[in-house]
file structure.cif (mmCIF, C-alpha atoms)
data_run
#
loop_
_atom_site.label_atom_id
_atom_site.label_comp_id
_atom_site.auth_asym_id
_atom_site.auth_seq_id
_atom_site.Cartn_x
_atom_site.Cartn_y
_atom_site.Cartn_z
CA MET T 37 6.62 4.13 -12.62
CA LYS T 38 3.43 2.73 -14.09
CA TYR T 39 0.20 2.21 -12.21
CA SER T 40 -3.44 1.43 -12.81
CA ILE T 41 -6.44 2.00 -10.57
CA ALA T 42 -9.76 0.18 -10.79
CA ALA T 43 -12.65 -0.28 -8.40
CA ASP T 44 -14.72 -3.38 -7.93
CA THR T 45 -17.69 -3.79 -5.59
CA GLU T 46 -15.43 -4.21 -2.59
CA PHE T 47 -11.94 -2.78 -3.15
CA LEU T 48 -9.95 -0.10 -4.87
CA ARG T 49 -7.44 -2.23 -6.78
CA VAL T 50 -4.09 -0.74 -7.68
CA ARG T 51 -1.26 -2.28 -9.69
CA MET T 52 2.13 -0.59 -9.57
CA SER T 53 5.28 -1.51 -11.46
CA GLY T 54 8.49 -0.08 -12.76
CA ARG T 55 9.85 1.81 -9.74
CA THR T 56 13.62 1.56 -10.07
CA ASP T 57 14.84 3.96 -7.37
CA ASP T 58 14.45 4.33 -3.61
CA GLU T 59 12.16 7.36 -3.79
CA PRO T 60 8.86 6.74 -1.93
CA PRO T 61 5.99 6.97 -4.45
CA SER T 62 4.18 9.72 -2.55
CA ASP T 63 2.66 11.26 -5.69
CA VAL T 64 1.06 7.95 -6.68
CA CYS T 65 -0.16 7.39 -3.11
CA LYS T 66 -1.87 10.78 -3.16
CA VAL T 67 -3.72 9.89 -6.38
CA VAL T 68 -4.73 6.50 -4.95
CA LEU T 69 -6.06 8.05 -1.74
CA MET T 70 -8.02 10.67 -3.71
CA GLU T 71 -9.59 7.94 -5.89
CA SER T 72 -10.40 5.90 -2.79
CA ALA T 73 -12.31 8.85 -1.34
CA ARG T 74 -13.97 9.80 -4.63
CA LEU T 75 -15.19 6.26 -5.30
CA SER T 76 -16.04 5.47 -1.66
CA ARG T 77 -13.68 2.50 -1.58
CA PRO T 78 -11.71 2.75 1.70
CA ARG T 79 -10.28 -0.77 1.27
CA ILE T 80 -7.24 -0.42 -0.96
CA LEU T 81 -5.42 -3.45 -2.38
CA ILE T 82 -2.07 -2.57 -3.98
CA GLU T 83 -0.19 -5.21 -5.97
CA LEU T 84 3.46 -4.29 -6.50
CA ASP T 85 5.95 -5.45 -9.10
CA GLN T 86 9.02 -3.34 -8.37
CA ALA T 87 12.67 -3.74 -9.35
CA ALA T 88 13.83 -3.31 -5.74
CA PRO T 89 12.28 -2.93 -2.29
CA LEU T 90 12.28 0.44 -0.55
CA SER T 91 14.97 1.06 2.05
CA MET T 92 13.90 1.27 5.69
CA VAL T 93 14.28 5.06 5.58
CA SER T 94 12.02 5.29 2.53
CA GLN T 95 9.49 2.88 4.07
CA HIS T 96 9.34 5.12 7.14
CA GLN T 97 8.96 8.27 5.03
CA LEU T 98 6.19 6.74 2.96
CA VAL T 99 4.08 5.52 5.87
CA THR T 100 4.46 8.67 7.95
CA ARG T 101 3.49 10.82 4.93
CA LEU T 102 0.23 8.96 4.26
CA PRO T 103 -1.99 11.06 6.59
CA GLY T 104 -0.60 14.24 5.03
CA LEU T 105 -1.39 12.84 1.58
CA GLY T 106 -5.03 12.42 2.55
CA MET T 107 -5.25 9.02 4.24
CA THR T 108 -8.09 8.85 6.76
CA PRO T 109 -8.52 6.41 9.68
CA GLU T 110 -11.29 4.66 7.69
CA GLN T 111 -8.93 3.75 4.87
CA ARG T 112 -6.87 0.56 4.90
CA ILE T 113 -4.03 -0.25 2.52
CA ALA T 114 -2.89 -3.83 1.90
CA LEU T 115 0.36 -4.24 -0.03
CA VAL T 116 1.15 -7.45 -1.90
CA HIS T 117 4.64 -7.69 -3.38
CA ARG T 118 5.42 -9.85 -6.41
CA THR T 119 8.29 -11.71 -4.75
CA PRO T 120 8.71 -13.09 -1.23
CA GLU T 121 12.09 -11.31 -1.07
CA HIS T 122 10.48 -7.90 -1.60
CA GLN T 123 7.70 -8.73 0.83
CA ASP T 124 10.27 -9.65 3.49
CA LYS T 125 12.37 -6.53 2.87
CA ASN T 126 9.34 -4.24 3.19
CA GLN T 127 8.27 -5.50 6.64
CA TYR T 128 9.31 -2.23 8.28
CA ILE T 129 6.14 -0.74 6.77
CA ASN T 130 4.16 -2.92 9.19
CA THR T 131 6.18 -1.74 12.18
CA VAL T 132 5.83 1.94 11.33
CA GLY T 133 2.14 1.58 10.46
CA GLN T 134 1.30 -0.14 13.72
CA ALA T 135 3.37 2.30 15.81
CA ARG T 136 1.68 5.31 14.15
CA HIS T 137 -1.81 3.74 14.04
CA ILE T 138 -1.82 3.96 10.24
CA ASN T 139 -3.72 1.14 8.54
CA VAL T 140 -1.13 -0.08 6.07
CA ARG T 141 0.27 -3.62 6.03
CA ASN T 142 2.28 -6.02 3.82
CA PHE T 143 0.95 -9.44 2.85
CA GLU T 144 2.31 -12.52 1.14
CA ASP T 145 -0.77 -13.06 -1.03
CA THR T 146 -3.91 -11.31 -2.16
CA GLU T 147 -6.34 -13.57 -0.29
CA THR T 148 -4.73 -12.83 3.07
CA ALA T 149 -4.62 -9.12 2.17
CA LYS T 150 -8.32 -9.14 1.26
CA ALA T 151 -9.20 -10.87 4.55
CA TRP T 152 -7.37 -8.15 6.52
CA LEU T 153 -9.03 -5.39 4.51
CA ARG T 154 -12.43 -6.88 5.36
CA THR T 155 -11.77 -6.75 9.13
CA ALA T 156 -12.49 -3.03 9.30
#

call {"tool": "encode", "arguments": {"input": "structure.cif", "output": "structure tokens"}}
result
Amino acid sequence: MKYSIAADTEFLRVRMSGRTDDEPPSDVCKVVLMESARLSRPRILIELDQAAPLSMVSQHQLVTRLPGLGMTPEQRIALVHRTPEHQDKNQYINTVGQARHINVRNFEDTETAKAWLRTA
């Protein structure tokens, strides 16, 4: 998997691509959360270009692991998938996030994701 992390005046911007299996990218999430804290950018925008969406089991594992990886209540993660199909198939992330009070959500486009990130 490839990823890049950059900060602008408002967001930590992450681009991820190349995941080809169903393994939740917990190691990358940990790095992203550490950079978010180090750079004081609690609003995290992640743009994804993956070969396949995560299964529901992997979506659940990923979201429930986030606090253990260092996610704080102040941090918010907005996910924007490259294709509508992947966005639709990753909707379980929203359900788990809301049920566990973890601020992670999927969005169809970056502008909607940015608007949600700004609501904190």

call {"tool": "resolve_selection", "arguments": {"input": "structure.cif", "expression": "the PyMOL selection byres ((chain T and resi 74-91) around 6)", "output": "NGL selection string"}}
result
:T and (47-56 or 58 or 71-73 or 92-95 or 111-118 or 122 or 153)

call {"tool": "atom_distance", "arguments": {"input": "structure.cif", "atom1": "atom CA of Leu69 of chain T", "atom2": "atom CA of Gly106 of chain T"}}
result
6.2 Å

call {"tool": "atom_distance", "arguments": {"input": "structure.cif", "atom1": "atom CA of Ala149 of chain T", "atom2": "atom CA of Leu105 of chain T"}}
result
22.2 Å

call {"tool": "axis_aligned_box", "arguments": {"input": "structure.cif", "around": "segment 96-111 of chain T", "padding_each_side": "8 Å", "output": "lines of an AutoDock Vina configuration file"}}
result
center_x = -1.0
center_y = 9.0
center_z = 5.6
size_x = 36.6
size_y = 26.5
size_z = 24.1

call {"tool": "closest_residue", "arguments": {"input": "structure.cif", "among": "T:Val140, T:Gln134, T:Ala156, T:Val68", "to": "Ala43 of chain T", "atoms": "only C-alpha atoms"}}
result
T:Val68

call {"tool": "closest_residue", "arguments": {"input": "structure.cif", "among": "T:Glu59, T:Glu144, T:Pro109, T:His137", "to": "Lys125 of chain T", "atoms": "only C-alpha atoms"}}
result
T:Glu144

call {"tool": "closest_residue", "arguments": {"input": "structure.cif", "among": "T:Met37, T:Ile129, T:Val64, T:Ala151", "to": "His96 of chain T", "atoms": "only C-alpha atoms"}}
result
T:Ile129

call {"tool": "closest_residue", "arguments": {"input": "structure.cif", "among": "T:Val132, T:Ile138, T:Met107, T:Leu102", "to": "Ser62 of chain T", "atoms": "all atoms listed in the file"}}
result
T:Leu102

call {"tool": "closest_residue", "arguments": {"input": "structure.cif", "among": "T:Asp44, T:Cys65, T:Thr100, T:Pro60", "to": "Ala135 of chain T", "atoms": "only C-alpha atoms"}}
result
T:Thr100

call {"tool": "atom_distance", "arguments": {"input": "structure.cif", "atom1": "atom CA of Gln97 of chain T", "atom2": "atom CA of Arg136 of chain T"}}
result
12.0 Å

call {"tool": "closest_residue", "arguments": {"input": "structure.cif", "among": "T:Gly133, T:Pro120, T:Tyr128, T:Arg141", "to": "Arg101 of chain T", "atoms": "only C-alpha atoms"}}
result
T:Gly133
